[in-house]
Structures are given as C-alpha cells and as structure tokens.
>>> print(open('entry_12.txt').read())   # compact mmCIF, C-alpha atoms
# COMPACT_ATOMS: atom_id res chain seq x y z
CA MET A 1 172.24 174.28 -26.59
CA THR A 2 172.96 175.86 -29.99
CA ALA A 3 175.38 174.59 -32.58
CA ARG A 4 177.36 177.84 -32.26
CA GLU A 5 178.24 177.32 -28.60
CA PRO A 6 181.61 175.75 -27.74
CA ILE A 7 181.68 171.98 -27.58
CA TRP A 8 183.22 172.33 -24.11
CA ARG A 9 179.83 173.41 -22.78
CA GLU A 10 178.32 170.01 -23.49
CA PRO A 11 177.84 168.34 -20.07
CA GLY A 12 180.60 165.84 -19.39
CA MET A 13 183.03 167.00 -22.09
CA THR A 14 185.38 168.78 -19.66
CA SER A 15 185.52 165.71 -17.39
CA LEU A 16 186.19 163.49 -20.40
CA VAL A 17 189.03 165.72 -21.60
CA LEU A 18 190.66 165.89 -18.16
CA MET A 19 190.44 162.13 -17.65
CA THR A 20 191.78 161.45 -21.12
CA PHE A 21 194.64 163.91 -20.78
CA ALA A 22 195.78 162.39 -17.48
CA GLY A 23 195.49 158.84 -18.76
CA PHE A 24 197.32 159.39 -22.03
CA SER A 25 200.02 161.42 -20.30
CA GLY A 26 201.00 158.38 -18.26
CA PHE A 27 200.75 156.16 -21.33
CA ALA A 28 202.92 158.45 -23.46
CA MET A 29 205.55 158.73 -20.73
CA LEU A 30 206.54 155.08 -21.13
CA PHE A 31 205.64 154.28 -24.74
CA THR A 32 209.14 155.04 -26.04
CA VAL A 33 210.96 154.85 -22.68
CA ALA A 34 209.97 151.27 -21.79
CA PRO A 35 211.54 149.81 -24.98
CA LEU A 36 214.70 151.86 -24.30
CA TRP A 37 214.75 150.54 -20.73
CA ALA A 38 214.60 147.01 -22.14
CA VAL A 39 217.57 147.79 -24.40
CA GLU A 40 219.43 149.07 -21.32
CA GLY A 41 218.82 145.66 -19.80
CA GLY A 42 220.30 143.86 -22.81
CA ALA A 43 217.23 143.26 -25.02
CA THR A 44 217.59 143.13 -28.81
CA THR A 45 215.64 145.31 -31.27
CA ALA A 46 213.01 142.58 -31.57
CA GLY A 47 212.81 142.35 -27.78
CA ALA A 48 212.37 146.12 -27.49
CA GLY A 49 209.54 145.98 -30.02
CA LEU A 50 207.92 143.22 -28.00
CA VAL A 51 207.49 145.58 -25.02
CA ASN A 52 204.83 147.70 -26.71
CA GLY A 53 203.59 144.68 -28.62
CA VAL A 54 202.64 142.90 -25.38
CA LEU A 55 201.14 146.08 -23.92
CA LEU A 56 198.91 146.54 -26.95
CA LEU A 57 198.04 142.86 -27.32
CA VAL A 58 196.67 142.88 -23.77
CA THR A 59 195.01 146.20 -24.56
CA VAL A 60 193.16 144.65 -27.51
CA LEU A 61 192.04 141.63 -25.49
CA THR A 62 190.79 143.94 -22.74
CA GLN A 63 188.93 146.18 -25.20
CA LEU A 64 186.77 143.25 -26.27
CA LEU A 65 185.57 142.85 -22.67
CA VAL A 66 184.99 146.52 -21.78
CA PRO A 67 181.42 146.89 -23.16
CA ARG A 68 180.28 143.93 -21.05
CA ALA A 69 182.15 145.25 -17.98
CA LEU A 70 180.45 148.64 -18.32
CA ARG A 71 177.06 146.96 -18.34
CA ARG A 72 177.84 144.81 -15.33
CA PHE A 73 179.85 147.09 -13.05
CA GLY A 74 179.04 150.62 -14.25
CA TRP A 75 181.19 153.40 -15.67
CA GLY A 76 182.58 154.72 -12.39
CA ALA A 77 184.03 151.42 -11.16
CA VAL A 78 185.40 150.43 -14.56
CA LEU A 79 187.03 153.82 -15.20
CA ALA A 80 188.67 153.95 -11.77
CA PHE A 81 189.96 150.37 -12.14
CA GLY A 82 191.42 151.15 -15.55
CA LEU A 83 193.20 154.31 -14.46
CA VAL A 84 194.74 152.56 -11.44
CA LEU A 85 196.15 149.76 -13.62
CA LEU A 86 197.42 152.21 -16.23
CA GLY A 87 199.11 154.49 -13.69
CA ALA A 88 200.40 152.38 -10.81
CA PRO A 89 202.47 149.53 -12.36
CA GLY A 90 204.95 151.74 -14.24
CA VAL A 91 206.57 152.87 -11.01
CA LEU A 92 207.74 149.26 -10.50
CA LEU A 93 209.98 149.44 -13.58
CA SER A 94 212.69 150.97 -11.41
CA LEU A 95 213.07 147.58 -9.69
CA SER A 96 214.28 145.71 -12.77
CA ASP A 97 215.40 146.25 -16.39
CA GLY A 98 214.93 142.58 -17.23
CA LEU A 99 212.77 141.93 -20.27
CA GLY A 100 210.46 139.53 -18.40
CA ALA A 101 209.65 142.07 -15.69
CA ILE A 102 209.10 144.84 -18.25
CA LEU A 103 206.72 142.63 -20.25
CA ALA A 104 204.72 141.76 -17.13
CA ILE A 105 204.34 145.43 -16.19
CA SER A 106 203.43 146.29 -19.78
CA ALA A 107 200.70 143.65 -19.70
CA ALA A 108 199.19 145.14 -16.52
CA ARG A 109 199.25 148.61 -18.03
CA GLY A 110 197.64 147.22 -21.17
CA VAL A 111 194.53 146.29 -19.17
CA GLY A 112 194.22 149.86 -17.94
CA PHE A 113 194.85 151.32 -21.37
CA GLY A 114 192.20 149.07 -22.89
CA VAL A 115 189.64 150.41 -20.44
CA LEU A 116 190.62 154.05 -21.03
CA THR A 117 190.51 153.88 -24.82
CA VAL A 118 187.13 152.18 -25.18
CA THR A 119 185.38 154.25 -22.52
CA GLY A 120 186.79 157.53 -23.82
CA SER A 121 185.65 157.17 -27.41
CA ALA A 122 182.30 155.65 -26.38
CA ALA A 123 181.67 158.61 -24.08
CA VAL A 124 182.13 161.02 -27.00
CA ALA A 125 179.27 159.39 -28.88
CA ALA A 126 177.07 159.40 -25.78
CA LEU A 127 177.67 163.03 -24.77
CA VAL A 128 176.96 164.86 -28.04
CA SER A 129 174.43 164.78 -30.86
CA PRO A 130 175.41 163.18 -34.20
CA GLU A 131 175.63 166.51 -36.06
CA ARG A 132 178.44 167.68 -33.75
CA ARG A 133 180.15 164.32 -33.34
CA GLY A 134 183.07 165.10 -35.64
CA GLU A 135 183.86 168.25 -33.67
CA ALA A 136 183.57 166.38 -30.37
CA ILE A 137 185.85 163.61 -31.60
CA GLY A 138 188.34 166.28 -32.63
CA THR A 139 188.24 167.83 -29.16
CA TYR A 140 188.65 164.42 -27.54
CA GLY A 141 191.50 163.81 -29.95
CA LEU A 142 193.26 166.93 -28.71
CA ALA A 143 193.27 165.50 -25.19
CA ILE A 144 195.03 162.45 -26.63
CA ALA A 145 197.29 164.35 -28.99
CA VAL A 146 198.71 166.92 -26.58
CA PRO A 147 200.43 164.31 -24.37
CA ASN A 148 201.70 162.60 -27.51
CA LEU A 149 202.88 165.97 -28.78
CA VAL A 150 204.73 167.06 -25.64
CA ILE A 151 205.46 163.97 -23.54
CA LEU A 152 206.16 161.34 -26.18
CA PRO A 153 209.19 163.09 -27.72
CA ALA A 154 210.38 164.51 -24.38
CA ALA A 155 210.25 161.27 -22.41
CA PRO A 156 213.39 159.62 -23.93
CA TRP A 157 215.35 162.85 -23.42
CA LEU A 158 214.08 163.08 -19.84
CA ALA A 159 215.05 159.48 -19.14
CA GLU A 160 218.56 159.88 -20.50
CA SER A 161 219.20 163.36 -19.10
CA VAL A 162 217.49 163.27 -15.68
CA GLY A 163 217.05 159.56 -15.09
CA TYR A 164 214.70 156.71 -15.91
CA GLY A 165 213.32 156.79 -12.35
CA VAL A 166 211.74 160.20 -12.97
CA THR A 167 209.83 158.93 -16.00
CA PHE A 168 208.65 155.88 -14.06
CA VAL A 169 207.20 158.10 -11.32
CA LEU A 170 205.55 160.44 -13.83
CA SER A 171 203.92 157.45 -15.54
CA ALA A 172 201.54 157.37 -12.54
CA LEU A 173 199.76 160.50 -13.87
CA PRO A 174 196.60 158.50 -14.79
CA LEU A 175 195.82 158.30 -11.08
CA ALA A 176 195.20 162.07 -11.14
CA GLY A 177 192.39 161.50 -13.64
CA ILE A 178 190.23 159.40 -11.32
CA PRO A 179 188.15 162.35 -9.92
CA ALA A 180 187.31 163.52 -13.45
CA ALA A 181 186.44 159.94 -14.41
CA LEU A 182 183.95 159.68 -11.56
CA ARG A 183 182.35 163.01 -12.57
CA LEU A 184 182.08 161.74 -16.15
CA ALA A 185 180.41 158.55 -14.93
CA SER A 186 177.88 160.62 -12.98
CA THR A 187 177.07 162.74 -16.04
CA LEU A 188 176.63 159.69 -18.24
CA HIS A 189 174.36 158.09 -15.66
CA LEU A 190 172.03 161.10 -15.85
CA LYS A 191 172.28 161.74 -19.59
CA VAL A 192 172.23 158.21 -21.02
CA PRO A 193 170.90 155.82 -18.37
CA ASP A 194 170.44 153.03 -20.95
CA LEU A 195 174.25 152.60 -21.05
CA HIS A 196 174.43 151.55 -17.39
CA PRO A 197 173.87 148.34 -15.39
CA GLY A 198 170.30 147.10 -15.51
CA ALA A 199 169.55 148.75 -18.86
CA GLY A 200 168.23 146.65 -21.69
CA GLY A 201 169.96 146.05 -24.98
CA SER A 202 173.22 144.59 -26.04
CA ALA A 203 175.66 143.63 -23.34
CA GLY A 204 178.77 143.32 -25.38
CA PRO A 205 180.46 142.10 -28.54
CA GLY A 206 179.24 138.56 -28.15
CA ASP A 207 175.60 139.69 -28.15
CA ASP A 208 175.64 141.62 -31.45
CA GLY A 209 174.84 140.31 -34.90
CA ALA A 210 177.23 139.79 -37.78
CA ALA A 211 175.83 142.85 -39.56
CA THR A 212 177.19 145.16 -36.85
CA TYR A 213 180.70 143.75 -37.18
CA ARG A 214 180.56 143.78 -40.97
CA ARG A 215 179.83 147.51 -40.92
CA LEU A 216 182.63 148.13 -38.45
CA LEU A 217 185.21 146.06 -40.33
CA ARG A 218 186.02 148.68 -42.98
CA PRO A 219 186.90 151.57 -40.63
CA MET A 220 188.77 149.17 -38.34
CA LEU A 221 191.02 147.92 -41.16
CA LEU A 222 191.65 151.45 -42.45
CA LEU A 223 192.64 152.51 -38.96
CA LEU A 224 194.78 149.40 -38.40
CA ALA A 225 196.88 150.17 -41.47
CA VAL A 226 197.64 153.80 -40.58
CA THR A 227 198.35 153.00 -36.92
CA LEU A 228 200.66 150.17 -37.98
CA ALA A 229 202.67 152.74 -39.92
CA GLY A 230 202.47 155.44 -37.27
CA GLY A 231 203.12 153.07 -34.38
CA ALA A 232 206.24 151.72 -36.04
CA VAL A 233 207.65 155.21 -36.55
CA ILE A 234 206.81 156.33 -33.00
CA THR A 235 208.31 153.22 -31.44
CA PHE A 236 211.57 153.10 -33.39
CA THR A 237 212.40 156.73 -34.15
CA PRO A 238 214.71 156.99 -31.10
CA GLN A 239 216.61 153.93 -32.39
CA MET A 240 216.71 154.54 -36.13
CA VAL A 241 217.59 158.26 -36.05
CA ASP A 242 221.22 158.85 -35.12
CA ASP A 243 220.67 162.30 -33.56
CA ALA A 244 218.49 162.40 -30.42
CA ALA A 245 217.53 166.04 -31.05
CA ILE A 246 216.34 165.28 -34.59
CA ALA A 247 214.37 162.30 -33.29
CA ALA A 248 212.67 164.43 -30.64
CA VAL A 249 211.82 167.23 -33.07
CA GLY A 250 210.51 164.70 -35.60
CA LEU A 251 208.20 163.09 -33.05
CA PHE A 252 207.05 166.55 -32.00
CA ALA A 253 206.31 167.45 -35.64
CA MET A 254 204.32 164.26 -36.14
CA GLY A 255 202.38 164.83 -32.93
CA LEU A 256 201.63 168.44 -33.81
CA SER A 257 200.33 167.70 -37.30
CA ALA A 258 198.32 164.74 -35.97
CA ALA A 259 196.72 166.92 -33.29
CA VAL A 260 195.76 169.66 -35.73
CA ALA A 261 194.50 167.19 -38.33
CA ARG A 262 192.39 165.20 -35.88
CA TRP A 263 190.92 168.40 -34.46
CA ARG A 264 190.15 170.27 -37.68
CA ILE A 265 189.08 167.40 -39.91
CA GLY A 266 186.17 166.69 -37.57
CA LEU A 267 184.58 170.02 -38.44
CA LEU A 268 185.04 169.32 -42.17
CA ALA A 269 183.54 165.86 -41.81
CA ASP A 270 180.49 167.27 -40.01
CA ARG A 271 179.86 169.48 -43.04
CA ARG A 272 180.91 167.26 -45.96
CA GLY A 273 181.00 163.73 -44.60
CA ALA A 274 184.04 161.54 -43.97
CA GLN A 275 184.16 159.65 -47.28
CA PRO A 276 185.89 162.26 -49.51
CA PHE A 277 188.94 162.41 -47.25
CA LEU A 278 189.67 158.70 -46.84
CA ALA A 279 191.43 157.71 -50.07
CA PRO A 280 193.75 160.75 -50.23
CA LEU A 281 194.91 160.15 -46.66
CA VAL A 282 195.57 156.46 -47.33
CA VAL A 283 197.72 157.32 -50.35
CA LEU A 284 199.58 160.02 -48.41
CA THR A 285 200.30 157.51 -45.62
CA ALA A 286 202.23 155.34 -48.08
CA VAL A 287 204.05 158.37 -49.47
CA ALA A 288 205.06 159.50 -45.98
CA MET A 289 206.36 156.04 -45.05
CA ALA A 290 208.43 155.87 -48.22
CA LEU A 291 209.91 159.25 -47.38
CA VAL A 292 210.72 158.21 -43.81
CA SER A 293 212.37 155.06 -45.17
CA TRP A 294 214.54 157.06 -47.57
CA SER A 295 215.52 159.55 -44.87
CA VAL A 296 216.92 156.84 -42.56
CA ALA A 297 218.31 154.52 -45.25
CA SER A 298 221.92 155.67 -44.84
CA THR A 299 223.52 154.09 -41.77
CA GLY A 300 224.73 156.69 -39.31
CA HIS A 301 223.27 159.61 -41.29
CA THR A 302 219.68 160.85 -41.23
CA ARG A 303 218.42 163.10 -44.03
CA SER A 304 216.90 165.50 -41.52
CA GLY A 305 214.95 167.72 -43.94
CA ALA A 306 213.22 164.78 -45.60
CA PHE A 307 212.62 163.17 -42.23
CA MET A 308 210.85 166.25 -40.85
CA CYS A 309 208.65 166.59 -43.95
CA ALA A 310 207.75 162.91 -43.74
CA MET A 311 206.87 163.15 -40.06
CA LEU A 312 204.60 166.15 -40.65
CA LEU A 313 202.83 164.37 -43.51
CA LEU A 314 202.50 161.12 -41.61
CA GLY A 315 201.03 163.01 -38.65
CA VAL A 316 198.29 164.50 -40.86
CA CYS A 317 197.31 161.04 -42.05
CA TYR A 318 197.64 159.49 -38.60
CA GLY A 319 195.43 162.09 -36.91
CA GLY A 320 192.97 162.58 -39.75
CA LEU A 321 192.19 158.92 -40.25
CA GLN A 322 191.72 158.40 -36.51
CA ASN A 323 188.90 160.96 -36.46
CA LEU A 324 187.29 159.85 -39.71
CA THR A 325 187.26 156.14 -38.97
CA LEU A 326 185.76 156.68 -35.51
CA LEU A 327 183.11 158.91 -37.04
CA ILE A 328 182.31 156.25 -39.66
CA SER A 329 182.15 153.56 -36.98
CA PHE A 330 179.54 155.42 -34.93
CA ALA A 331 177.52 156.33 -38.02
CA ALA A 332 177.48 152.73 -39.24
CA VAL A 333 175.63 151.22 -36.25
CA HIS A 334 172.69 151.91 -33.96
CA ARG A 335 173.34 153.97 -30.83
CA ARG A 336 172.88 150.93 -28.56
CA HIS A 337 175.96 149.46 -30.28
CA HIS A 338 178.22 152.49 -29.80
CA ASN A 339 180.15 150.82 -26.97
CA VAL A 340 180.81 147.92 -29.34
CA ALA A 341 181.79 150.33 -32.13
CA SER A 342 184.24 151.99 -29.74
CA ALA A 343 185.70 148.62 -28.76
CA VAL A 344 186.15 147.49 -32.38
CA TRP A 345 187.66 150.83 -33.42
CA ASN A 346 190.11 150.69 -30.54
CA VAL A 347 191.01 147.11 -31.43
CA GLY A 348 191.96 148.38 -34.88
CA PHE A 349 193.98 151.22 -33.40
CA ASP A 350 195.94 149.19 -30.90
CA ALA A 351 196.28 146.06 -33.00
CA GLY A 352 197.81 148.22 -35.71
CA THR A 353 200.16 149.90 -33.25
CA ALA A 354 201.16 146.53 -31.80
CA LEU A 355 201.85 145.11 -35.25
CA GLY A 356 203.88 148.21 -36.01
CA SER A 357 206.00 147.58 -32.94
CA VAL A 358 206.44 143.81 -33.29
CA ALA A 359 206.38 143.15 -37.03
CA VAL A 360 208.48 146.16 -38.02
CA GLY A 361 210.93 145.32 -35.24
CA VAL A 362 211.31 141.76 -36.54
CA VAL A 363 211.65 142.85 -40.19
CA ALA A 364 214.19 145.52 -39.18
CA GLU A 365 216.17 142.90 -37.26
CA LEU A 366 216.31 140.69 -40.37
CA THR A 367 216.85 143.46 -42.94
CA SER A 368 216.89 147.16 -42.02
CA PHE A 369 214.62 149.89 -40.71
CA ALA A 370 214.35 151.33 -44.22
CA THR A 371 212.97 148.06 -45.60
CA ALA A 372 210.65 147.54 -42.64
CA LEU A 373 209.14 151.01 -43.10
CA LEU A 374 208.48 150.32 -46.77
CA VAL A 375 206.62 147.15 -45.80
CA ALA A 376 204.48 149.18 -43.39
CA GLY A 377 203.72 151.72 -46.12
CA GLY A 378 202.79 148.94 -48.52
CA THR A 379 200.31 147.61 -45.96
CA ALA A 380 198.54 150.97 -46.02
CA VAL A 381 198.24 150.83 -49.82
CA LEU A 382 196.42 147.49 -49.54
CA THR A 383 193.53 149.24 -47.76
CA LEU A 384 192.91 151.71 -50.59
CA PRO A 385 189.92 149.74 -51.98
CA LEU A 386 188.28 149.99 -48.56
CA ALA A 387 188.76 153.75 -48.59
CA VAL A 388 187.03 154.05 -51.96
CA HIS A 389 184.11 151.66 -51.53
CA ARG A 390 181.74 151.49 -48.57
CA ILE A 391 180.41 148.16 -47.31
CA ARG A 392 176.82 147.57 -48.37
CA GLY A 393 174.39 148.83 -45.74
CA GLU A 394 176.82 151.30 -44.22
CA GLN A 395 175.39 154.80 -43.97
CA THR A 396 177.12 158.01 -42.98
CA SER A 397 175.71 160.34 -40.36
CA ALA A 398 175.05 162.91 -43.09
CA GLY A 399 173.11 160.30 -45.05
CA ARG A 400 171.07 159.44 -41.99
CA ARG A 401 170.18 163.12 -41.51
CA ILE A 402 169.11 163.45 -45.15
CA THR A 403 166.98 160.31 -44.87
CA GLN A 404 165.40 161.59 -41.66
CA LEU A 405 164.61 164.96 -43.24
CA PHE A 406 163.11 163.23 -46.30
CA PHE A 407 160.75 161.09 -44.29
CA THR A 408 159.83 164.00 -42.01
CA HIS A 409 158.91 165.98 -45.11
CA ARG A 410 156.92 163.07 -46.52
CA ARG A 411 154.96 162.65 -43.27
CA GLY A 412 154.28 166.40 -43.25
CA GLY A 413 152.85 166.19 -46.75
CA LEU A 414 150.56 163.30 -45.81
CA ASP A 415 149.20 164.89 -42.62
>>> encode(input="entry_12.txt", output="structure tokens")
Amino acid sequence: MTAREPIWREPGMTSLVLMTFAGFSGFAMLFTVAPLWAVEGGATTAGAGLVNGVLLLVTVLTQLLVPRALRRFGWGAVLAFGLVLLGAPGVLLSLSDGLGAILAISAARGVGFGVLTVTGSAAVAALVSPERRGEAIGTYGLAIAVPNLVILPAAPWLAESVGYGVTFVLSALPLAGIPAALRLASTLHLKVPDLHPGAGGSAGPGDDGAATYRRLLRPMLLLLAVTLAGGAVITFTPQMVDDAAIAAVGLFAMGLSAAVARWRIGLLADRRGAQPFLAPLVVLTAVAMALVSWSVASTGHTRSGAFMCAMLLLGVCYGGLQNLTLLISFAAVHRRHHNVASAVWNVGFDAGTALGSVAVGVVAELTSFATALLVAGGTAVLTLPLAVHRIRGEQTSAGRRITQLFFTHRRGGLD
C-alpha cells in the first residue's frame, strides 16, 4: 500500500463509510424533526430543546461504556445492537406527539447513537497508519457530513410538506447499515485482533490512568465548545429563522462548509500538524456566532445575507475542529487506548451538542435567541488558551514520527 493510493483502498474503509452513512442518515432525519414534533404536541421552546438534550445525554453515558462492551461482546454484536436501537425506535414517534413519549424514544436512540459514534471513530484509527490518519478521518467525516448536508436541512421541509410519518419511517435507515457493520467487524478482527474479546490490555475507561484522560481533556474541551455553538444553531435554526427556505439553505451551507473543511483539513494536518489551525478556528467560531446572533436579532426579520455568511463560516470551524481534535486525541495516547480516546472525544462532541440544545433553549426562553447565541460564542472564546497551549506530555503524530526517525538514526550510527 503506497501513500499515493486512495484511502478507500484501505481494507475496511468502504464498510466503515457505508455503515456510518446509513447510521447518520437516520440520526439526521430526526435531529431537527423530533423537536418540531414536540412543538406540534404543545411543548415549549425549552421542552423542544430537551428532546435532543436527552438523546445526547444518553449518548454520552453510553459512550463511556462502549470500549468495555467491545472487549466483552465483540465489534459485530455491539455494532448490530447499536444500529438497531438507532434505527428502529423512531418509527414509534407516529404513535404520539407527547413530550414524554418523544423523550423516551430519544433516549433509546441515544444508546444506538453512542455505539455508532465511538465505534466509527475508533475504527478509523485501527484501519489506517498514523501518517494517513488525518486523511482517513476526513473521509470518515464525509460519511457523517453528507447526511447532515442533505438530510438535516431537508427533513423539516419533508415533515411539513409530505408528512411527519414519512420522516419517522426514513429514520430507520440505520438498519440498512448492519451488513456493512458486520463486514467491518470481520476486517477489524483480522487486522487488529488485540481490539477484540480475549485480547490483553485496557478494557475501558475505568482501567486507564489519569495521564490518559489528562491528555484527552484538551481536545475534548475544544470540541465541546464548538459543538455547543454548532449544535445550538442546528437545533434552533428552524425556529429562530422566520423563512423556512432561508433556514434550509442556511443549514445546507453550514453542512457543506463543514464537510469540505473536515475533509480537506485532514490532509493539511497530516503535512503540517494540527496545532497551527486550532486557535484561528476557535476565534472564528466566536465571530460566526456573533454574526448569527446579529442576523436573527430583529423579531420577524432575518438578515439573510449575514445569516448565510455566518453559517458558512461556522461550518468551517465546526468541521475543521472535529477533524483536528480527533487527530490530536489519537496522537496523545498509546494505540491500546484509542477506543478510550474515541469515547472521550465523542463525549465532548455530544455533550457540547446537548448543552447547545438545552442551555441555549433555556437562555432563549428567558431572553432571546440572539442573546443565547452570544453566550454560546463566548463559551468558545473561553477555550482559546487550550488552543494555544498543549498539555504537558501531549505529543502530536508528527512529533512522534520525528522522534522515531531520530532514534532510528541514532541506532544506525551506533551499529
């Protein structure tokens, strides 16, 4: 395998992409529709925000258990279980628009989503060598971004134009990813047998030292801040933008720029390292949130030009920081801890998105969407010191390669 060959030719990458695409398609179908369905049933803005908040809270709790589950039950069983829980419960939404029923279904889907997110990003690290990891993460990110790009903005329109029942049925798409998931599990079993039941090493988060978590804390907090901002905008755009067409185009613009950024920045990070890109993207996140806030500040009138520019900019930050922080997480720990790194990274992602849904919904209920978005942007600014300074002991993948080359050269000189 040469570095010039397409990343798709790496064994297991196609299965990973197909599984991820199917899983995130079902997830994206209901991410904005489920809160709207709750509003149809009489829920307040805070109640609508709670729908995705509960989903992602359960997701985070599940993510902490996935590394141990993989060790005990194996990749095939865990992946199939997760895809069933992510895809099947959404169909039941047609039975009730009561907030309690919606929250229960969201919780069940959260278990499945927790499994999908941890296993997907952990598989990236297992399938490719470190020098191509940024590119592989970008490709994996495309499988996540395309459903967000197409389905996320289209789902509210589909629900209101064709009917909510159609979106509920389409949310079962993760079930179509089960065959690819089983193929991926088979490839991983052959390629990295130490990640499977009976292998030695760490079994899960509870079995790892404090040093591992200290090195993962910085990328997790950076990710949490940008996903708090992005999650708030994704969740509430259909409610805070007065024109449904502008809302849909804005979400499409954000998804497009996030997809391109997450894909392309991986190649740049493989060549130059992740560190130079962190601080600029954190600053731009705050700028984008301030611009979104200003564009929706006037009740009943959205400044559409400013809104579109803000969504494009926010998407660049949202996608770029996802790739970079995952790359930093894998580079910061030993390979036997990559499942744990994936779990911690995904906790940051989904905890940030959940906070964006719940906290911004509550602040908007008490003040306004414009104020709530400024608070979210301010949260991103607070992480700027983490973007500038690495935690002691953390080492980038590029640094590890330089160190390895140095010691190889030294041994060659002594022989």
>>> atom_distance(input="entry_12.txt", atom1="atom CA of A:Leu16", atom2="atom CA of A:Ala185")
9.4 Å
>>> atom_distance(input="entry_12.txt", atom1="atom CA of A:Ser295", atom2="atom CA of A:Cys309")
9.9 Å
>>> closest_residue(input="entry_12.txt", among="A:Leu170, A:Leu374, A:Leu321, A:Ala181", to="A:Val91", atoms="all atoms listed in the file")
A:Leu170
>>> residues_around(input="entry_12.txt", residues="A:Gly87", least_positions_apart="5", cutoff="10 Å", atoms="only C-alpha atoms", output="VMD selection string")
chain A and resid 22 to 27 82 108 to 109 112 to 113 168 to 177
>>> atom_distance(input="entry_12.txt", atom1="atom CA of A:Ala229", atom2="atom CA of A:Gly356")
6.1 Å
>>> closest_residue(input="entry_12.txt", among="A:Leu188, A:Leu312, A:Val287, A:Val388", to="A:Ser15", atoms="all atoms listed in the file")
A:Leu188
>>> residues_around(input="entry_12.txt", residues="A:Thr44", least_positions_apart="4", cutoff="10 Å", atoms="all atoms listed in the file", output="ChimeraX atom specification")
/A:35,38-40,48-50,99,361,365
>>> closest_residue(input="entry_12.txt", among="A:Pro6, A:Ala80, A:Met289, A:Ala370", to="A:Leu182", atoms="only C-alpha atoms")
A:Ala80
>>> closest_residue(input="entry_12.txt", among="A:Thr14, A:Thr235, A:Thr367, A:Thr32", to="A:Pro179", atoms="only C-alpha atoms")
A:Thr14
>>> closest_residue(input="entry_12.txt", among="A:Val360, A:Leu222, A:Val333, A:Ala69", to="A:Gly114", atoms="only C-alpha atoms")
A:Ala69
>>> residues_around(input="entry_12.txt", residues="stretch 55-67 of chain A", least_positions_apart="5", cutoff="7 Å", atoms="only C-alpha atoms", output="list in words")
Ser106, Ala107, Arg109, Gly110, Val111, Phe113, Gly114, Val115, Val118, Ala203, Gly204, Pro205, Asn339, Val340, Ala343, Val347, Asp350, Ala351 and Ala354 of chain A
>>> residues_around(input="entry_12.txt", residues="A:Ala269", least_positions_apart="5", cutoff="9 Å", atoms="all atoms listed in the file", output="JSON, numbers by chain")
{"A": [134, 135, 264, 274, 275, 276, 277, 324, 327]}
>>> write_last_selection(input="entry_12.txt", atoms="C-alpha atoms", output="PDB file, in the coordinates of the input")
ATOM      1  CA  GLY A 134     183.070 165.100 -35.640  1.00  0.00           C
ATOM      2  CA  GLU A 135     183.860 168.250 -33.670  1.00  0.00           C
ATOM      3  CA  ARG A 264     190.150 170.270 -37.680  1.00  0.00           C
ATOM      4  CA  ALA A 274     184.040 161.540 -43.970  1.00  0.00           C
ATOM      5  CA  GLN A 275     184.160 159.650 -47.280  1.00  0.00           C
ATOM      6  CA  PRO A 276     185.890 162.260 -49.510  1.00  0.00           C
ATOM      7  CA  PHE A 277     188.940 162.410 -47.250  1.00  0.00           C
ATOM      8  CA  LEU A 324     187.290 159.850 -39.710  1.00  0.00           C
ATOM      9  CA  LEU A 327     183.110 158.910 -37.040  1.00  0.00           C
TER      10      LEU A 327
END
>>> residues_around(input="entry_12.txt", residues="A:Ala247", least_positions_apart="6", cutoff="6 Å", atoms="only C-alpha atoms", output="MDAnalysis selection string")
chainID A and resid 237:238 241
